[in-house]
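Asker: Here you go, this is input-v5.txt (compact mmCIF, C-alpha atoms).
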# COMPACT_ATOMS: atom_id res chain seq x y z
CA MET K 1 85.14 -40.95 2.95
CA ILE K 2 88.09 -43.20 3.76
CA LEU K 3 89.12 -45.59 1.00
CA VAL K 4 90.99 -48.69 2.19
CA VAL K 5 92.76 -50.69 -0.50
CA GLY K 6 95.14 -53.65 -0.51
CA GLY K 7 95.46 -57.26 -1.57
CA ALA K 8 93.04 -59.99 -0.51
CA ALA K 9 93.51 -61.00 3.13
CA ALA K 10 95.92 -58.10 3.77
CA GLY K 11 94.10 -56.92 6.92
CA LYS K 12 91.68 -54.27 5.60
CA ARG K 13 88.73 -55.27 7.81
CA ALA K 14 90.99 -55.26 10.90
CA TYR K 15 91.99 -51.70 9.99
CA VAL K 16 88.32 -50.65 9.74
CA GLU K 17 87.70 -52.25 13.15
CA SER K 18 90.65 -50.28 14.53
CA LEU K 19 88.82 -47.10 13.48
CA GLY K 20 86.05 -48.07 15.92
CA TYR K 21 83.44 -49.52 13.57
CA THR K 22 81.51 -52.61 14.67
CA ALA K 23 80.40 -55.53 12.49
CA ALA K 24 76.82 -54.22 12.60
CA GLN K 25 78.00 -51.01 10.91
CA MET K 26 79.60 -52.87 8.02
CA ALA K 27 77.77 -53.84 4.86
CA ASP K 28 79.59 -56.52 2.87
CA SER K 29 79.33 -56.44 -0.93
CA THR K 30 79.23 -60.24 -0.94
CA ASP K 31 75.94 -60.07 1.00
CA MET K 32 74.30 -57.39 -1.14
CA PRO K 33 71.23 -58.56 -3.04
CA ARG K 34 71.73 -59.13 -6.76
CA VAL K 35 69.59 -56.58 -8.53
CA GLY K 36 69.85 -58.24 -11.91
CA ASP K 37 70.62 -56.54 -15.20
CA ALA K 38 67.53 -54.39 -15.26
CA ARG K 39 67.65 -51.01 -16.94
CA ASP K 40 67.60 -49.28 -13.56
CA GLU K 41 70.37 -51.50 -12.14
CA ARG K 42 72.41 -48.48 -11.03
CA ARG K 43 69.47 -46.84 -9.28
CA ARG K 44 68.57 -50.05 -7.45
CA LEU K 45 72.18 -50.64 -6.43
CA ALA K 46 72.38 -47.09 -5.10
CA ALA K 47 69.19 -47.69 -3.10
CA ALA K 48 70.62 -50.93 -1.68
CA LEU K 49 73.79 -49.10 -0.66
CA ALA K 50 71.81 -46.45 1.25
CA ASP K 51 71.10 -48.87 4.12
CA GLY K 52 72.34 -46.60 6.92
CA ARG K 53 75.51 -48.59 7.48
CA PRO K 54 78.60 -46.35 7.29
CA VAL K 55 81.03 -49.02 6.05
CA LEU K 56 81.06 -50.94 2.77
CA LEU K 57 83.45 -53.90 2.57
CA ASN K 58 84.76 -55.61 -0.56
CA LEU K 59 83.67 -53.07 -3.17
CA HIS K 60 85.42 -55.18 -5.85
CA GLU K 61 82.83 -57.92 -5.26
CA LEU K 62 80.03 -55.46 -6.04
CA VAL K 63 81.77 -54.51 -9.29
CA PHE K 64 82.35 -58.14 -10.27
CA ALA K 65 78.69 -58.96 -9.51
CA HIS K 66 77.38 -55.94 -11.48
CA PRO K 67 80.08 -55.07 -14.02
CA SER K 68 77.75 -53.23 -16.40
CA ALA K 69 76.79 -50.78 -13.64
CA PHE K 70 80.38 -49.72 -13.11
CA THR K 71 81.83 -49.36 -16.58
CA GLU K 72 83.24 -46.04 -17.75
CA THR K 73 80.35 -45.73 -20.21
CA ALA K 74 77.85 -46.13 -17.39
CA ALA K 75 79.71 -43.52 -15.37
CA ALA K 76 79.65 -41.08 -18.29
CA THR K 77 75.92 -41.65 -18.84
CA GLU K 78 75.35 -40.98 -15.18
CA SER K 79 77.32 -37.71 -15.26
CA ALA K 80 75.31 -36.58 -18.26
CA ALA K 81 72.05 -37.54 -16.53
CA VAL K 82 73.05 -35.62 -13.40
CA THR K 83 73.84 -32.54 -15.50
CA ASP K 84 70.53 -32.86 -17.35
CA SER K 85 68.51 -33.12 -14.16
CA ALA K 86 70.38 -30.14 -12.70
CA ALA K 87 69.57 -28.18 -15.84
CA ALA K 88 65.92 -29.15 -15.48
CA ALA K 89 66.09 -27.95 -11.88
CA GLU K 90 64.57 -31.17 -10.61
CA PRO K 91 65.03 -32.00 -6.95
CA ASN K 92 68.21 -34.00 -6.48
CA GLU K 93 67.58 -37.66 -5.76
CA PRO K 94 70.70 -39.08 -4.10
CA ALA K 95 69.63 -42.72 -4.52
CA ALA K 96 69.72 -42.27 -8.26
CA ASP K 97 73.43 -41.70 -8.26
CA LEU K 98 75.49 -44.83 -7.65
CA PHE K 99 78.74 -42.91 -7.31
CA ALA K 100 77.15 -40.51 -4.81
CA ALA K 101 75.83 -43.49 -2.83
CA LEU K 102 79.39 -44.78 -2.55
CA LEU K 103 80.73 -41.37 -1.56
CA ALA K 104 78.05 -41.20 1.16
CA LYS K 105 79.78 -44.11 2.95
CA GLU K 106 82.29 -43.23 5.66
CA VAL K 107 84.63 -46.12 4.82
CA ILE K 108 84.94 -48.34 1.74
CA THR K 109 87.33 -51.27 1.40
CA CYS K 110 88.34 -52.63 -1.98
CA ASP K 111 90.79 -55.34 -2.99
CA GLU K 112 93.69 -54.45 -5.23
CA VAL K 113 92.77 -56.73 -8.14
CA GLY K 114 94.99 -55.18 -10.82
CA SER K 115 98.25 -56.97 -10.06
CA GLY K 116 99.07 -60.54 -10.89
CA VAL K 117 98.30 -62.34 -14.12
CA ILE K 118 95.91 -60.71 -16.61
CA PRO K 119 92.57 -62.55 -16.36
CA ALA K 120 91.80 -65.08 -19.08
CA THR K 121 88.26 -63.96 -19.95
CA ARG K 122 86.87 -60.70 -21.32
CA GLU K 123 84.32 -60.48 -18.47
CA GLU K 124 87.03 -60.74 -15.84
CA ARG K 125 89.27 -58.24 -17.61
CA ASP K 126 86.39 -55.74 -17.89
CA ALA K 127 85.42 -56.14 -14.24
CA ARG K 128 89.03 -55.81 -13.17
CA GLU K 129 89.37 -52.66 -15.26
CA ALA K 130 86.13 -51.22 -13.84
CA THR K 131 87.29 -51.94 -10.27
CA GLY K 132 90.58 -50.12 -10.76
CA ARG K 133 88.99 -47.11 -12.50
CA LEU K 134 86.31 -46.85 -9.81
CA ALA K 135 88.94 -46.96 -7.06
CA CYS K 136 90.79 -44.10 -8.81
CA ARG K 137 87.60 -42.00 -8.98
CA LEU K 138 86.80 -42.71 -5.32
CA ALA K 139 90.37 -42.00 -4.24
CA ALA K 140 90.20 -38.60 -5.95
CA LYS K 141 87.19 -37.70 -3.77
CA ALA K 142 88.31 -39.45 -0.56
CA GLU K 143 89.58 -37.55 2.47
CA ARG K 144 91.97 -40.40 3.20
CA VAL K 145 93.29 -43.28 1.13
CA VAL K 146 95.04 -46.10 2.99
CA ARG K 147 96.79 -49.10 1.53
CA ILE K 148 97.11 -52.14 3.79
CA ILE K 149 100.04 -54.46 3.26
CA ALA K 150 100.82 -57.36 5.61
CA GLY K 151 98.37 -55.75 8.05
CA ILE K 152 100.28 -52.45 8.05
CA PRO K 153 98.35 -49.33 7.02
CA VAL K 154 100.24 -46.99 4.70
CA VAL K 155 98.51 -43.63 4.16
CA LEU K 156 98.64 -42.74 0.47
CA LYS K 157 96.53 -39.59 0.74
CA GLU K 158 95.38 -37.42 3.62
CA ALA K 159 93.30 -34.39 2.74
CA MET H 1 116.07 -58.61 14.95
CA ASN H 2 113.26 -60.19 12.94
CA ILE H 3 112.65 -58.91 9.42
CA LEU H 4 109.78 -59.61 6.99
CA LEU H 5 110.30 -58.89 3.29
CA THR H 6 107.20 -58.83 1.10
CA GLY H 7 106.25 -57.66 -2.40
CA GLY H 8 105.29 -59.03 -5.79
CA SER H 9 107.17 -61.70 -7.72
CA ALA H 10 110.54 -60.77 -9.20
CA ASN H 11 110.81 -57.48 -7.32
CA GLY H 12 114.18 -58.28 -5.76
CA LYS H 13 113.09 -59.73 -2.41
CA SER H 14 115.55 -62.64 -2.43
CA THR H 15 118.48 -60.54 -3.66
CA TYR H 16 117.85 -57.99 -0.94
CA ALA H 17 117.33 -60.71 1.68
CA GLU H 18 120.69 -62.26 0.80
CA LYS H 19 122.33 -58.83 0.95
CA LEU H 20 120.84 -58.29 4.42
CA ALA H 21 121.92 -61.73 5.62
CA ALA H 22 125.44 -61.30 4.24
CA ALA H 23 125.80 -58.10 6.31
CA CYS H 24 125.17 -60.06 9.53
CA ALA H 25 127.77 -61.79 11.70
CA PRO H 26 128.25 -65.52 11.05
CA PRO H 27 126.90 -68.11 11.22
CA VAL H 28 124.42 -67.27 8.47
CA TYR H 29 121.99 -70.00 7.47
CA TYR H 30 119.87 -70.19 4.35
CA LEU H 31 116.76 -72.14 5.28
CA ALA H 32 115.38 -73.39 1.96
CA THR H 33 111.75 -74.51 1.90
CA MET H 34 111.26 -75.40 -1.78
CA ARG H 35 110.22 -78.96 -2.45
CA PRO H 36 112.39 -80.17 -5.33
CA TYR H 37 110.40 -81.41 -8.33
CA GLY H 38 112.18 -82.75 -11.38
CA GLU H 39 115.45 -82.10 -13.15
CA GLU H 40 114.90 -78.38 -13.68
CA SER H 41 114.43 -77.50 -10.02
CA LEU H 42 117.28 -79.80 -8.96
CA ALA H 43 119.64 -77.99 -11.36
CA LYS H 44 118.43 -74.63 -10.06
CA ILE H 45 118.96 -75.75 -6.47
CA ALA H 46 122.51 -76.97 -7.24
CA ARG H 47 123.37 -73.59 -8.80
CA HIS H 48 121.95 -71.66 -5.83
CA LEU H 49 123.80 -73.92 -3.37
CA ALA H 50 127.12 -73.12 -5.06
CA MET H 51 126.34 -69.38 -5.15
CA ARG H 52 125.49 -69.27 -1.48
CA ALA H 53 128.51 -71.35 -0.44
CA GLU H 54 130.69 -68.60 -1.97
CA ARG H 55 128.98 -66.08 0.29
CA GLY H 56 129.62 -68.23 3.37
CA PHE H 57 125.97 -69.21 3.84
CA ARG H 58 125.18 -72.62 5.26
CA THR H 59 122.20 -74.15 3.48
CA VAL H 60 119.59 -76.12 5.41
CA GLU H 61 116.59 -77.68 3.68
CA ARG H 62 113.19 -78.05 5.39
CA ASP H 63 110.12 -78.21 3.17
CA VAL H 64 107.91 -78.55 6.29
CA ARG H 65 108.39 -78.22 10.08
CA VAL H 66 111.10 -75.56 10.07
CA ALA H 67 111.23 -75.75 13.90
CA SER H 68 113.13 -79.02 13.55
CA PHE H 69 116.14 -76.88 12.60
CA VAL H 70 118.32 -75.76 15.52
CA PRO H 71 121.01 -73.26 14.45
CA ASP H 72 124.26 -72.57 16.30
CA ALA H 73 124.19 -69.73 18.82
CA GLY H 74 124.02 -66.15 17.54
CA ALA H 75 122.84 -67.21 14.10
CA THR H 76 121.19 -65.25 11.32
CA VAL H 77 118.62 -67.36 9.51
CA LEU H 78 117.16 -66.46 6.13
CA LEU H 79 113.91 -68.36 5.56
CA GLU H 80 113.24 -68.56 1.81
CA CYS H 81 110.33 -68.54 1.47
CA LEU H 82 107.07 -68.45 3.44
CA CYS H 83 105.04 -69.00 0.24
CA ASN H 84 106.56 -72.41 -0.41
CA LEU H 85 106.45 -73.37 3.26
CA THR H 86 102.76 -72.44 3.44
CA ALA H 87 101.88 -74.46 0.34
CA ASN H 88 103.85 -77.46 1.65
CA GLU H 89 102.26 -77.30 5.11
CA LEU H 90 98.74 -76.50 3.89
CA PHE H 91 98.23 -79.15 1.21
CA ASP H 92 99.04 -82.85 1.14
CA ASN H 93 99.81 -84.74 -2.08
CA ASN H 94 96.08 -85.05 -2.83
CA GLY H 95 95.56 -81.30 -2.41
CA THR H 96 93.61 -81.74 0.83
CA ALA H 97 93.98 -78.71 3.11
CA ASP H 98 95.17 -79.00 6.70
CA ALA H 99 93.09 -76.81 9.04
CA PHE H 100 95.97 -76.45 11.50
CA ALA H 101 98.66 -75.40 9.01
CA ALA H 102 98.65 -71.69 9.91
CA GLU H 103 98.95 -72.33 13.66
CA ARG H 104 101.73 -74.85 13.09
CA ILE H 105 103.72 -72.51 10.82
CA LEU H 106 103.38 -69.61 13.29
CA ALA H 107 104.50 -71.79 16.22
CA ASP H 108 107.44 -73.15 14.22
CA ILE H 109 108.55 -69.66 13.21
CA ALA H 110 108.21 -68.48 16.83
CA ALA H 111 110.55 -71.33 17.83
CA LEU H 112 113.05 -70.19 15.19
CA GLU H 113 112.78 -66.58 16.42
CA SER H 114 113.73 -67.67 19.92
CA ARG H 115 116.79 -69.53 18.62
CA CYS H 116 118.45 -66.95 16.41
CA GLU H 117 119.90 -63.48 16.59
CA ASN H 118 118.31 -62.41 13.32
CA LEU H 119 115.49 -64.04 11.39
CA ILE H 120 114.77 -62.82 7.86
CA VAL H 121 111.57 -64.17 6.28
CA VAL H 122 110.84 -63.73 2.58
CA THR H 123 107.17 -63.86 1.60
CA ASN H 124 104.98 -62.72 -1.29
CA ASP H 125 101.99 -60.43 -1.68
CA VAL H 126 99.84 -63.09 -3.37
CA GLY H 127 96.59 -61.27 -2.51
CA SER H 128 97.18 -58.42 -4.96
CA GLY H 129 95.99 -60.26 -8.03
CA PHE H 130 92.32 -61.07 -8.25
CA ALA H 131 92.67 -64.54 -6.79
CA GLY H 132 90.48 -63.61 -3.84
CA ILE H 133 87.35 -63.19 -5.94
CA PRO H 134 85.10 -66.23 -6.25
CA ALA H 135 83.83 -64.96 -9.62
CA ALA H 136 87.35 -64.95 -11.00
CA GLY H 137 87.36 -68.71 -11.33
CA TYR H 138 90.21 -69.54 -8.99
CA SER H 139 89.77 -72.79 -7.13
CA ALA H 140 88.63 -72.82 -3.51
CA SER H 141 92.05 -74.15 -2.51
CA THR H 142 93.84 -71.25 -4.23
CA ARG H 143 91.61 -68.77 -2.40
CA LEU H 144 92.31 -70.60 0.87
CA TYR H 145 96.04 -70.34 0.16
CA VAL H 146 95.70 -66.57 -0.43
CA GLU H 147 93.74 -66.23 2.84
CA ILE H 148 96.23 -68.24 4.90
CA LEU H 149 99.33 -66.55 3.48
CA GLY H 150 97.67 -63.13 4.01
CA LEU H 151 96.97 -64.04 7.63
CA LEU H 152 100.54 -65.29 8.16
CA ASN H 153 102.00 -62.13 6.60
CA ALA H 154 99.90 -59.84 8.81
CA THR H 155 100.61 -61.87 11.96
CA LEU H 156 104.37 -61.95 11.39
CA ALA H 157 104.42 -58.26 10.39
CA ALA H 158 102.67 -57.37 13.67
CA ARG H 159 105.34 -59.03 15.81
CA PHE H 160 108.49 -58.57 13.68
CA ASP H 161 110.80 -55.57 14.16
CA LEU H 162 111.20 -54.55 10.53
CA VAL H 163 108.85 -54.96 7.56
CA CYS H 164 109.86 -53.95 4.04
CA GLU H 165 108.08 -54.14 0.71
CA LEU H 166 110.38 -54.55 -2.28
CA VAL H 167 109.34 -52.64 -5.41
CA CYS H 168 111.63 -52.86 -8.46
CA GLY H 169 114.44 -53.86 -6.12
CA ILE H 170 113.86 -50.82 -3.88
CA PRO H 171 112.99 -51.53 -0.24
CA LEU H 172 110.09 -49.45 1.11
CA LEU H 173 110.18 -49.46 4.88
CA LEU H 174 106.70 -50.23 6.25
CA LYS H 175 107.60 -50.74 9.90
CA GLY H 176 110.54 -50.30 12.29
CA THR H 177 113.86 -48.50 12.46
CA PRO H 178 116.69 -50.12 10.54
CA PRO H 179 120.10 -50.30 12.23
CA PRO H 180 122.90 -48.12 10.73
CA SER H 181 124.45 -51.24 9.15
CA PHE H 182 121.27 -51.85 7.11
CA PRO H 183 122.28 -52.12 3.43
CA ARG H 184 120.62 -49.93 0.85
CA GLY H 185 118.54 -51.84 -1.64
CA THR H 186 119.07 -49.78 -4.74
CA PRO H 187 121.56 -51.49 -7.03
Reformat the file's structure so that it appears as structure tokens.
Answerer:
Amino acid sequence: MILVVGGAAAGKRAYVESLGYTAAQMADSTDMPRVGDARDERRRLAAALADGRPVLLNLHELVFAHPSAFTETAAATESAAVTDSAAAAEPNEPAADLFAALLAKEVITCDEVGSGVIPATREERDAREATGRLACRLAAKAERVVRIIAGIPVVLKEA
Amino acid sequence: MNILLTGGSANGKSTYAEKLAAACAPPVYYLATMRPYGEESLAKIARHLAMRAERGFRTVERDVRVASFVPDAGATVLLECLCNLTANELFDNNGTADAFAAERILADIAALESRCENLIVVTNDVGSGFAGIPAAGYSASTRLYVEILGLLNATLAARFDLVCELVCGIPLLLKGTPPPSFPRGTP
């Protein structure tokens, strides 16, 4: 997976296009259906992500739309659940794992939302925190991490 | 040579830009784009004018339409800064956005490029907050400003010779090969 980060309007989509991906291959988080705050929010989000399109744009929008699905607590619960199911030797169900659904993408773009003024509300601060932590987790697993600034790609990690 | 300097606020972009400009052959122009508002900004401008006069810079003020400035031959022009120019060109006094602002700014800067030996443009990485997110409560006009300035930054970076990001006063070279006379940024 290639993780593309950078400020808003820095040229991330143009970089993805330069890799050869077409608009039809790109899912945009702003167009993803809201799955509500149901108990199985993470599972339904994972299912929505598994739409066959290799690119996910604007991951930060998905986090801001579903902050509870992306908190550290949710991630920890998920890890525990994955371990439990492995222990029970149940067949692995990829759609159940939101993080795995993200890793299954070939390219993900995410805005750098951590700079600038600290947001005024708790909700915004939590979503901003969740976005940054998620990007760190994805970057750790990514084959390549690229930061776009003024349209210029700077490779931060190349496995 | 055309140089774009970007980065967050208070990371030393202007200091480095002035250092770069001062290393160039005269005439060196400081093209100021800030629209003066009130006593505080007027005092600040007066202080900066005096500081730059000591360095041999000639100050020119254009808060819009920078192409109306025609420097003497062989000039180095330091445009400070694209953020103010964009805000001035994009919004009128009622805050109404002008759909042609980006095209106009790019054409004006292209005219400047053709008229000077060196053009140094200072901008800002305003997209690295969370201003781009509708849910974050920023106004539509702020998000438009982030979009337009991002587009201008990428367009200028694509055609300029050198692009640097300033971090804690340290220039990170993003594009191009600096000439041997290029000053180091570290204080």
Asker: What lies within 10 Å of K:Tyr15 using all atoms listed in the file, ignoring chain neighbours under 6 positions off, as a list in words?
Answerer: Val4, Tyr21, Thr109, Val146, Ile148, Gly151, Ile152 and Pro153 of chain K
Asker: Restrict the calculation to only C-alpha atoms, then for each residue of chain K with any atom at most 8 Å from an atom of chain H give the closest atom pair and their distance in Å to one decimal, rows by chain and rising residue number, as JSON lines.
Answerer:
{"residue": "K:Gly6", "atom": "CA", "partner": "H:Ser128", "partner_atom": "CA", "distance": 6.8}
{"residue": "K:Gly7", "atom": "CA", "partner": "H:Ser128", "partner_atom": "CA", "distance": 4.0}
{"residue": "K:Ala8", "atom": "CA", "partner": "H:Gly127", "partner_atom": "CA", "distance": 4.3}
{"residue": "K:Ala9", "atom": "CA", "partner": "H:Gly150", "partner_atom": "CA", "distance": 4.8}
{"residue": "K:Ala10", "atom": "CA", "partner": "H:Gly150", "partner_atom": "CA", "distance": 5.3}
{"residue": "K:Gly11", "atom": "CA", "partner": "H:Ala154", "partner_atom": "CA", "distance": 6.8}
{"residue": "K:Glu61", "atom": "CA", "partner": "H:Ile133", "partner_atom": "CA", "distance": 7.0}
{"residue": "K:Phe64", "atom": "CA", "partner": "H:Ala135", "partner_atom": "CA", "distance": 7.0}
{"residue": "K:Ala65", "atom": "CA", "partner": "H:Ala135", "partner_atom": "CA", "distance": 7.9}
{"residue": "K:Asp111", "atom": "CA", "partner": "H:Ser128", "partner_atom": "CA", "distance": 7.4}
{"residue": "K:Glu112", "atom": "CA", "partner": "H:Ser128", "partner_atom": "CA", "distance": 5.3}
{"residue": "K:Val113", "atom": "CA", "partner": "H:Phe130", "partner_atom": "CA", "distance": 4.4}
{"residue": "K:Gly114", "atom": "CA", "partner": "H:Gly129", "partner_atom": "CA", "distance": 5.9}
{"residue": "K:Ser115", "atom": "CA", "partner": "H:Gly129", "partner_atom": "CA", "distance": 4.5}
{"residue": "K:Gly116", "atom": "CA", "partner": "H:Gly129", "partner_atom": "CA", "distance": 4.2}
{"residue": "K:Val117", "atom": "CA", "partner": "H:Gly129", "partner_atom": "CA", "distance": 6.8}
{"residue": "K:Pro119", "atom": "CA", "partner": "H:Ala136", "partner_atom": "CA", "distance": 7.9}
{"residue": "K:Glu124", "atom": "CA", "partner": "H:Ala136", "partner_atom": "CA", "distance": 6.4}
{"residue": "K:Arg128", "atom": "CA", "partner": "H:Phe130", "partner_atom": "CA", "distance": 7.9}
{"residue": "K:Ile149", "atom": "CA", "partner": "H:Ala154", "partner_atom": "CA", "distance": 7.7}
{"residue": "K:Ala150", "atom": "CA", "partner": "H:Ala154", "partner_atom": "CA", "distance": 4.2}
{"residue": "K:Gly151", "atom": "CA", "partner": "H:Ala154", "partner_atom": "CA", "distance": 4.4}
{"residue": "K:Ile152", "atom": "CA", "partner": "H:Leu174", "partner_atom": "CA", "distance": 7.0}
{"residue": "K:Val154", "atom": "CA", "partner": "H:Leu174", "partner_atom": "CA", "distance": 7.4}
Asker: Taking (87.8, -50.5, -1.8) as a centre in this file's frame and 9 Å as the limit, can you find every polymer residue with an atom that close, using all atoms listed in the file, and give them as an MDAnalysis selection string?
Answerer: chainID K and resid 3:6 56:60 107:112 131 134:135 138
Asker: Find the residues around H:Ala97 up to 12 Å (only C-alpha atoms counted), leave out those fewer than 6 positions away in its own chain, and share them as a PDB file with C-alpha atoms, in the frame of the given file.
Answerer:
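Dumped everything to part_35.pdb:
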ATOM      1  CA  THR H  86     102.760 -72.440   3.440  1.00  0.00           C
ATOM      2  CA  ALA H  87     101.880 -74.460   0.340  1.00  0.00           C
ATOM      3  CA  ASN H  88     103.850 -77.460   1.650  1.00  0.00           C
ATOM      4  CA  GLU H  89     102.260 -77.300   5.110  1.00  0.00           C
ATOM      5  CA  LEU H  90      98.740 -76.500   3.890  1.00  0.00           C
ATOM      6  CA  PHE H  91      98.230 -79.150   1.210  1.00  0.00           C
ATOM      7  CA  ALA H 140      88.630 -72.820  -3.510  1.00  0.00           C
ATOM      8  CA  SER H 141      92.050 -74.150  -2.510  1.00  0.00           C
ATOM      9  CA  THR H 142      93.840 -71.250  -4.230  1.00  0.00           C
ATOM     10  CA  ARG H 143      91.610 -68.770  -2.400  1.00  0.00           C
ATOM     11  CA  LEU H 144      92.310 -70.600   0.870  1.00  0.00           C
ATOM     12  CA  TYR H 145      96.040 -70.340   0.160  1.00  0.00           C
ATOM     13  CA  ILE H 148      96.230 -68.240   4.900  1.00  0.00           C
TER      14      ILE H 148
END
Asker: Would you kindly return, as a PyMOL selection string, each protein, DNA or RNA residue with an atom no farther than 7 Å from any atom of stretch 25-37 of chain H, considering only C-alpha atoms and excluding same-chain residues fewer than 3 positions away?
Answerer: chain H and resi 21+41-42+57-63+75-81+84-85
Asker: Next, the residues of the selection above should be written as an mmCIF file, keeping the file's coordinate frame with C-alpha atoms.
Answerer:
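Done, and the output landed in out32.cif:
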data_model
loop_
_atom_site.group_PDB
_atom_site.id
_atom_site.type_symbol
_atom_site.label_atom_id
_atom_site.label_comp_id
_atom_site.auth_asym_id
_atom_site.auth_seq_id
_atom_site.Cartn_x
_atom_site.Cartn_y
_atom_site.Cartn_z
ATOM 1 C CA ALA H 21 121.920 -61.730 5.620
ATOM 2 C CA SER H 41 114.430 -77.500 -10.020
ATOM 3 C CA LEU H 42 117.280 -79.800 -8.960
ATOM 4 C CA PHE H 57 125.970 -69.210 3.840
ATOM 5 C CA ARG H 58 125.180 -72.620 5.260
ATOM 6 C CA THR H 59 122.200 -74.150 3.480
ATOM 7 C CA VAL H 60 119.590 -76.120 5.410
ATOM 8 C CA GLU H 61 116.590 -77.680 3.680
ATOM 9 C CA ARG H 62 113.190 -78.050 5.390
ATOM 10 C CA ASP H 63 110.120 -78.210 3.170
ATOM 11 C CA ALA H 75 122.840 -67.210 14.100
ATOM 12 C CA THR H 76 121.190 -65.250 11.320
ATOM 13 C CA VAL H 77 118.620 -67.360 9.510
ATOM 14 C CA LEU H 78 117.160 -66.460 6.130
ATOM 15 C CA LEU H 79 113.910 -68.360 5.560
ATOM 16 C CA GLU H 80 113.240 -68.560 1.810
ATOM 17 C CA CYS H 81 110.330 -68.540 1.470
ATOM 18 C CA ASN H 84 106.560 -72.410 -0.410
ATOM 19 C CA LEU H 85 106.450 -73.370 3.260
#
Asker: Figure out the distance between atom CA of H:Pro183 and atom CA of H:Lys19, please, to one decimal in Å.
Answerer: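 For atom CA of H:Lys19 relative to atom CA of H:Pro183, the distance reads 7.2 Å.
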Asker: What is the distance between atom CA of K:Leu103 and atom CA of K:Asp28, in Å to one decimal?
Answerer: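 That distance, rounded to one decimal, is 15.8 Å.
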